[in-house]
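Below is work.cif, which holds mmCIF, N, CA and C atoms.
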```cif
data_final
#
loop_
_atom_site.label_atom_id
_atom_site.label_comp_id
_atom_site.auth_asym_id
_atom_site.auth_seq_id
_atom_site.Cartn_x
_atom_site.Cartn_y
_atom_site.Cartn_z
N MET A 1 2.70 -30.33 7.89
CA MET A 1 2.59 -28.95 8.31
C MET A 1 1.44 -28.84 9.30
N CYS A 2 1.67 -28.20 10.42
CA CYS A 2 0.60 -27.94 11.37
C CYS A 2 0.09 -26.52 11.16
N SER A 3 -1.06 -26.21 11.72
CA SER A 3 -1.67 -24.90 11.49
C SER A 3 -0.80 -23.75 11.98
N SER A 4 0.10 -23.99 12.91
CA SER A 4 0.95 -22.90 13.40
C SER A 4 2.07 -22.55 12.41
N ASP A 5 2.23 -23.34 11.35
CA ASP A 5 3.22 -23.03 10.33
C ASP A 5 2.68 -22.12 9.24
N LEU A 6 1.42 -21.87 9.27
CA LEU A 6 0.77 -21.09 8.21
C LEU A 6 0.28 -19.76 8.75
N ARG A 7 0.68 -18.68 8.07
CA ARG A 7 0.20 -17.36 8.42
C ARG A 7 -0.45 -16.75 7.19
N VAL A 8 -1.46 -15.92 7.40
CA VAL A 8 -2.14 -15.24 6.30
C VAL A 8 -2.13 -13.75 6.59
N VAL A 9 -1.41 -13.01 5.74
CA VAL A 9 -1.34 -11.56 5.88
C VAL A 9 -1.58 -10.97 4.50
N SER A 10 -2.56 -10.10 4.41
CA SER A 10 -2.85 -9.43 3.15
C SER A 10 -2.17 -8.06 3.15
N VAL A 11 -1.33 -7.81 2.15
CA VAL A 11 -0.73 -6.50 1.98
C VAL A 11 -1.60 -5.76 0.96
N SER A 12 -2.21 -4.67 1.40
CA SER A 12 -3.20 -3.97 0.59
C SER A 12 -2.79 -2.52 0.33
N PRO A 13 -2.11 -2.30 -0.79
CA PRO A 13 -1.73 -0.93 -1.11
C PRO A 13 -2.88 -0.16 -1.74
N ALA A 14 -2.85 1.13 -1.57
CA ALA A 14 -3.76 2.01 -2.30
C ALA A 14 -3.09 2.27 -3.65
N LEU A 15 -3.36 3.41 -4.24
CA LEU A 15 -2.77 3.75 -5.53
C LEU A 15 -1.25 3.85 -5.40
N VAL A 16 -0.54 3.15 -6.28
CA VAL A 16 0.92 3.12 -6.24
C VAL A 16 1.45 3.94 -7.41
N ASP A 17 2.44 4.76 -7.15
CA ASP A 17 2.98 5.68 -8.14
C ASP A 17 3.92 4.97 -9.13
N THR A 18 3.32 4.13 -9.96
CA THR A 18 4.07 3.40 -10.98
C THR A 18 4.19 4.25 -12.24
N ASP A 19 4.95 3.77 -13.21
CA ASP A 19 5.06 4.48 -14.49
C ASP A 19 3.69 4.63 -15.14
N PHE A 20 2.85 3.60 -15.04
CA PHE A 20 1.50 3.68 -15.61
C PHE A 20 0.71 4.81 -14.96
N VAL A 21 0.70 4.86 -13.65
CA VAL A 21 -0.06 5.89 -12.94
C VAL A 21 0.50 7.27 -13.26
N LYS A 22 1.81 7.38 -13.35
CA LYS A 22 2.43 8.66 -13.68
C LYS A 22 2.07 9.12 -15.09
N SER A 23 1.72 8.18 -15.98
CA SER A 23 1.37 8.54 -17.36
C SER A 23 -0.07 9.04 -17.49
N LEU A 24 -0.86 8.91 -16.46
CA LEU A 24 -2.25 9.37 -16.49
C LEU A 24 -2.31 10.88 -16.33
N ASP A 25 -3.49 11.41 -16.40
CA ASP A 25 -3.71 12.86 -16.29
C ASP A 25 -3.03 13.42 -15.05
N LYS A 26 -2.17 14.41 -15.22
CA LYS A 26 -1.39 14.97 -14.12
C LYS A 26 -2.29 15.58 -13.04
N GLU A 27 -3.34 16.27 -13.44
CA GLU A 27 -4.24 16.88 -12.45
C GLU A 27 -4.88 15.80 -11.58
N TRP A 28 -5.34 14.72 -12.20
CA TRP A 28 -5.93 13.61 -11.46
C TRP A 28 -4.88 13.00 -10.52
N HIS A 29 -3.68 12.78 -11.03
CA HIS A 29 -2.59 12.21 -10.24
C HIS A 29 -2.33 13.07 -9.00
N ASP A 30 -2.22 14.37 -9.20
CA ASP A 30 -1.96 15.29 -8.09
C ASP A 30 -3.11 15.30 -7.09
N GLN A 31 -4.35 15.19 -7.57
CA GLN A 31 -5.51 15.14 -6.68
C GLN A 31 -5.46 13.89 -5.81
N GLN A 32 -5.05 12.77 -6.39
CA GLN A 32 -4.97 11.53 -5.61
C GLN A 32 -3.94 11.65 -4.50
N GLY A 33 -2.80 12.23 -4.81
CA GLY A 33 -1.80 12.45 -3.77
C GLY A 33 -2.31 13.37 -2.67
N ALA A 34 -3.02 14.42 -3.07
CA ALA A 34 -3.56 15.39 -2.11
C ALA A 34 -4.62 14.75 -1.21
N ARG A 35 -5.33 13.75 -1.72
CA ARG A 35 -6.38 13.07 -0.93
C ARG A 35 -5.80 12.10 0.08
N THR A 36 -4.51 11.86 0.00
CA THR A 36 -3.85 10.93 0.91
C THR A 36 -3.30 11.73 2.09
N PRO A 37 -3.61 11.33 3.33
CA PRO A 37 -3.13 12.09 4.48
C PRO A 37 -1.62 12.33 4.50
N LEU A 38 -0.82 11.43 3.97
CA LEU A 38 0.63 11.65 3.92
C LEU A 38 1.03 12.52 2.74
N GLY A 39 0.07 12.90 1.90
CA GLY A 39 0.31 13.89 0.85
C GLY A 39 0.94 13.38 -0.43
N ARG A 40 0.97 12.07 -0.62
CA ARG A 40 1.56 11.51 -1.84
C ARG A 40 1.08 10.08 -2.01
N LEU A 41 1.44 9.49 -3.14
CA LEU A 41 1.11 8.09 -3.40
C LEU A 41 2.25 7.21 -2.90
N ALA A 42 1.93 5.94 -2.71
CA ALA A 42 2.96 4.97 -2.31
C ALA A 42 3.91 4.71 -3.46
N THR A 43 5.15 4.39 -3.13
CA THR A 43 6.10 3.97 -4.15
C THR A 43 6.09 2.44 -4.23
N PRO A 44 6.49 1.89 -5.37
CA PRO A 44 6.60 0.43 -5.45
C PRO A 44 7.53 -0.14 -4.39
N ASP A 45 8.61 0.57 -4.08
CA ASP A 45 9.54 0.10 -3.05
C ASP A 45 8.88 0.02 -1.68
N GLU A 46 7.98 0.95 -1.38
CA GLU A 46 7.28 0.92 -0.09
C GLU A 46 6.35 -0.28 0.00
N VAL A 47 5.71 -0.63 -1.09
CA VAL A 47 4.85 -1.81 -1.10
C VAL A 47 5.71 -3.07 -0.92
N GLY A 48 6.83 -3.11 -1.64
CA GLY A 48 7.75 -4.25 -1.48
C GLY A 48 8.28 -4.37 -0.08
N ALA A 49 8.58 -3.25 0.55
CA ALA A 49 9.07 -3.27 1.94
C ALA A 49 8.00 -3.81 2.89
N ALA A 50 6.74 -3.51 2.63
CA ALA A 50 5.65 -4.03 3.46
C ALA A 50 5.54 -5.54 3.32
N VAL A 51 5.68 -6.04 2.10
CA VAL A 51 5.65 -7.50 1.88
C VAL A 51 6.83 -8.15 2.60
N THR A 52 8.01 -7.57 2.46
CA THR A 52 9.19 -8.11 3.14
C THR A 52 9.00 -8.11 4.64
N ALA A 53 8.46 -7.01 5.18
CA ALA A 53 8.21 -6.93 6.62
C ALA A 53 7.22 -7.99 7.07
N ALA A 54 6.18 -8.21 6.28
CA ALA A 54 5.18 -9.22 6.64
C ALA A 54 5.80 -10.60 6.75
N VAL A 55 6.76 -10.88 5.88
CA VAL A 55 7.39 -12.20 5.86
C VAL A 55 8.49 -12.32 6.91
N THR A 56 9.29 -11.28 7.07
CA THR A 56 10.50 -11.41 7.90
C THR A 56 10.38 -10.83 9.30
N THR A 57 9.55 -9.82 9.48
CA THR A 57 9.51 -9.11 10.75
C THR A 57 8.21 -9.35 11.52
N LEU A 58 7.10 -9.35 10.83
CA LEU A 58 5.80 -9.48 11.50
C LEU A 58 5.44 -10.95 11.69
N THR A 59 6.32 -11.69 12.32
CA THR A 59 6.18 -13.15 12.41
C THR A 59 5.09 -13.62 13.36
N PHE A 60 4.52 -12.71 14.13
CA PHE A 60 3.43 -13.09 15.01
C PHE A 60 2.10 -12.52 14.53
N SER A 61 2.08 -12.07 13.27
CA SER A 61 0.85 -11.53 12.69
C SER A 61 0.25 -12.57 11.75
N THR A 62 -1.06 -12.75 11.87
CA THR A 62 -1.79 -13.63 10.96
C THR A 62 -3.25 -13.21 10.95
N GLY A 63 -3.90 -13.50 9.85
CA GLY A 63 -5.32 -13.16 9.73
C GLY A 63 -5.55 -11.66 9.73
N THR A 64 -4.65 -10.91 9.14
CA THR A 64 -4.75 -9.46 9.20
C THR A 64 -4.50 -8.83 7.84
N VAL A 65 -4.89 -7.57 7.73
CA VAL A 65 -4.67 -6.80 6.51
C VAL A 65 -3.69 -5.68 6.85
N LEU A 66 -2.60 -5.62 6.12
CA LEU A 66 -1.60 -4.58 6.30
C LEU A 66 -1.84 -3.52 5.24
N GLN A 67 -2.40 -2.39 5.67
CA GLN A 67 -2.70 -1.30 4.74
C GLN A 67 -1.41 -0.55 4.41
N VAL A 68 -1.18 -0.32 3.13
CA VAL A 68 -0.05 0.49 2.68
C VAL A 68 -0.69 1.58 1.83
N ASP A 69 -1.29 2.53 2.51
CA ASP A 69 -2.14 3.50 1.80
C ASP A 69 -1.95 4.94 2.24
N GLY A 70 -0.94 5.21 3.04
CA GLY A 70 -0.68 6.57 3.48
C GLY A 70 -1.81 7.19 4.27
N GLY A 71 -2.69 6.36 4.82
CA GLY A 71 -3.81 6.84 5.62
C GLY A 71 -5.11 7.03 4.83
N ARG A 72 -5.14 6.63 3.57
CA ARG A 72 -6.35 6.84 2.76
C ARG A 72 -7.59 6.17 3.36
N THR A 73 -7.42 5.05 4.04
CA THR A 73 -8.57 4.38 4.63
C THR A 73 -9.14 5.16 5.82
N LEU A 74 -8.42 6.17 6.27
CA LEU A 74 -8.89 6.98 7.39
C LEU A 74 -9.74 8.15 6.93
N THR A 75 -9.75 8.42 5.65
CA THR A 75 -10.48 9.58 5.12
C THR A 75 -11.79 9.16 4.50
N PRO A 76 -12.80 10.03 4.55
CA PRO A 76 -14.10 9.68 3.95
C PRO A 76 -14.06 9.70 2.44
#
```

I need this file expressed as structure tokens, please.
Amino acid sequence: MCSSDLRVVSVSPALVDTDFVKSLDKEWHDQQGARTPLGRLATPDEVGAAVTAAVTTLTFSTGTVLQVDGGRTLTP
């Protein structure tokens, strides 16, 4: 294997709306969605789609972080 065969892409989701997260305090859950610029939490399918895209579509990306956070990293 040569170095051009290896890519490193980090998929970094924020809070994901899993069954566990949904079971937490509803007020807290709603506040987290409201703090996200897109107005909601990520779904597990959206995180999976980002991983799939990193592998199949983003073939010229390496050494990068793919944020799946609805813009949360843009807010203070």

**Request:** Show which residues sit within 8 Å of stretch 33-37 of chain A, as a list in words. Count only N, CA and C atoms, and ignore same-chain residues fewer than 5 positions away.
**Result:**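 The residues satisfying every condition are Glu27, Trp28, Ala42, Asp69, Gly70, Gly71, Arg72, Thr73, Leu74 and Thr75 of chain A.
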
**Every residue of chain A that DSSP places in alpha helix (DSSP H), as a VMD selection string** = chain A and resid 19 to 22 26 to 34 44 to 56

**Item:** Residue members of the PyMOL selection byres ((chain A and resi 62) around 6) in the file shown, as number ranges by chain
**Value:** A: 7-9, 60-61, 63-64

**Message:** My list of candidates is A:Leu66, A:Leu41, A:Ser12, A:Phe20. Which is closest to A:Ala54 when distances are computed with only C-alpha atoms?
**Reply:**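 Among the listed residues, the smallest separation from A:Ala54 belongs to A:Leu66.
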
**Message:** For a cutoff of 6 Å around the file-coordinate point (5.5, 2.5, 2.8), which residues qualify once you count all atoms listed in the file? I'd like the result as a list in words.
**Reply:**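 Those within range, by chain then number, are Glu46, Val47 and Val68 of chain A.
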
**Request:** Mind giving me the straight-line distance from atom CA of A:Arg40 to atom CA of A:Lys22 in Å, one decimal?
**Result:**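 Separation of atom CA of A:Arg40 and atom CA of A:Lys22: 12.2 Å.
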
**Asked** Closest to A:Ala50 among A:Gln67, A:Leu38, A:Asp5, A:Gln31, using only C-alpha atoms?
**Response**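 Of the candidates, the smallest distance to A:Ala50 is held by A:Gln67.
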
As a JSON list (two decimals), in the coordinates of the input, the rebuilt stretch 53-64 of chain A with all heavy atoms:
```
[["chain", "number", "residue", "atom", "x", "y", "z"],
["A", 53, "ALA", "N", 8.46, -7.01, 5.18],
["A", 53, "ALA", "CA", 8.21, -6.93, 6.62],
["A", 53, "ALA", "C", 7.22, -7.99, 7.07],
["A", 53, "ALA", "O", 7.40, -8.61, 8.12],
["A", 53, "ALA", "CB", 7.72, -5.54, 7.00],
["A", 54, "ALA", "N", 6.18, -8.21, 6.28],
["A", 54, "ALA", "CA", 5.18, -9.22, 6.64],
["A", 54, "ALA", "C", 5.80, -10.60, 6.75],
["A", 54, "ALA", "O", 5.44, -11.40, 7.61],
["A", 54, "ALA", "CB", 4.04, -9.22, 5.63],
["A", 55, "VAL", "N", 6.76, -10.88, 5.88],
["A", 55, "VAL", "CA", 7.39, -12.20, 5.86],
["A", 55, "VAL", "C", 8.49, -12.32, 6.91],
["A", 55, "VAL", "O", 8.59, -13.34, 7.60],
["A", 55, "VAL", "CB", 7.98, -12.48, 4.45],
["A", 55, "VAL", "CG1", 8.79, -13.75, 4.44],
["A", 55, "VAL", "CG2", 6.86, -12.54, 3.42],
["A", 56, "THR", "N", 9.29, -11.28, 7.07],
["A", 56, "THR", "CA", 10.50, -11.41, 7.90],
["A", 56, "THR", "C", 10.38, -10.83, 9.30],
["A", 56, "THR", "O", 11.07, -11.28, 10.21],
["A", 56, "THR", "CB", 11.70, -10.75, 7.21],
["A", 56, "THR", "OG1", 11.44, -9.35, 7.06],
["A", 56, "THR", "CG2", 11.98, -11.38, 5.86],
["A", 57, "THR", "N", 9.55, -9.82, 9.48],
["A", 57, "THR", "CA", 9.51, -9.11, 10.75],
["A", 57, "THR", "C", 8.21, -9.35, 11.52],
["A", 57, "THR", "O", 8.23, -9.49, 12.73],
["A", 57, "THR", "CB", 9.70, -7.60, 10.52],
["A", 57, "THR", "OG1", 10.92, -7.40, 9.81],
["A", 57, "THR", "CG2", 9.76, -6.84, 11.83],
["A", 58, "LEU", "N", 7.10, -9.35, 10.83],
["A", 58, "LEU", "CA", 5.80, -9.48, 11.50],
["A", 58, "LEU", "C", 5.44, -10.95, 11.69],
["A", 58, "LEU", "O", 4.37, -11.42, 11.29],
["A", 58, "LEU", "CB", 4.73, -8.75, 10.68],
["A", 58, "LEU", "CG", 5.03, -7.28, 10.39],
["A", 58, "LEU", "CD1", 3.94, -6.68, 9.50],
["A", 58, "LEU", "CD2", 5.16, -6.49, 11.68],
["A", 59, "THR", "N", 6.32, -11.69, 12.32],
["A", 59, "THR", "CA", 6.18, -13.15, 12.41],
["A", 59, "THR", "C", 5.09, -13.62, 13.36],
["A", 59, "THR", "O", 4.75, -14.80, 13.36],
["A", 59, "THR", "CB", 7.52, -13.78, 12.82],
["A", 59, "THR", "OG1", 7.92, -13.23, 14.08],
["A", 59, "THR", "CG2", 8.59, -13.52, 11.77],
["A", 60, "PHE", "N", 4.52, -12.71, 14.13],
["A", 60, "PHE", "CA", 3.43, -13.09, 15.01],
["A", 60, "PHE", "C", 2.10, -12.52, 14.53],
["A", 60, "PHE", "O", 1.12, -12.49, 15.25],
["A", 60, "PHE", "CB", 3.71, -12.66, 16.46],
["A", 60, "PHE", "CG", 2.89, -13.42, 17.47],
["A", 60, "PHE", "CD1", 3.05, -14.79, 17.63],
["A", 60, "PHE", "CD2", 1.95, -12.77, 18.25],
["A", 60, "PHE", "CE1", 2.28, -15.49, 18.55],
["A", 60, "PHE", "CE2", 1.18, -13.46, 19.18],
["A", 60, "PHE", "CZ", 1.35, -14.82, 19.33],
["A", 61, "SER", "N", 2.08, -12.07, 13.27],
["A", 61, "SER", "CA", 0.85, -11.53, 12.69],
["A", 61, "SER", "C", 0.25, -12.57, 11.75],
["A", 61, "SER", "O", 0.95, -13.17, 10.94],
["A", 61, "SER", "CB", 1.15, -10.26, 11.89],
["A", 61, "SER", "OG", 1.61, -9.25, 12.74],
["A", 62, "THR", "N", -1.06, -12.75, 11.87],
["A", 62, "THR", "CA", -1.79, -13.63, 10.96],
["A", 62, "THR", "C", -3.25, -13.21, 10.95],
["A", 62, "THR", "O", -3.74, -12.60, 11.90],
["A", 62, "THR", "CB", -1.63, -15.11, 11.34],
["A", 62, "THR", "OG1", -2.16, -15.92, 10.28],
["A", 62, "THR", "CG2", -2.32, -15.45, 12.65],
["A", 63, "GLY", "N", -3.90, -13.50, 9.85],
["A", 63, "GLY", "CA", -5.32, -13.16, 9.73],
["A", 63, "GLY", "C", -5.55, -11.66, 9.73],
["A", 63, "GLY", "O", -6.55, -11.19, 10.29],
["A", 64, "THR", "N", -4.65, -10.91, 9.14],
["A", 64, "THR", "CA", -4.75, -9.46, 9.20],
["A", 64, "THR", "C", -4.50, -8.83, 7.84],
["A", 64, "THR", "O", -3.97, -9.46, 6.93],
["A", 64, "THR", "CB", -3.76, -8.90, 10.24],
["A", 64, "THR", "OG1", -4.02, -7.53, 10.47],
["A", 64, "THR", "CG2", -2.32, -9.07, 9.80]]
```
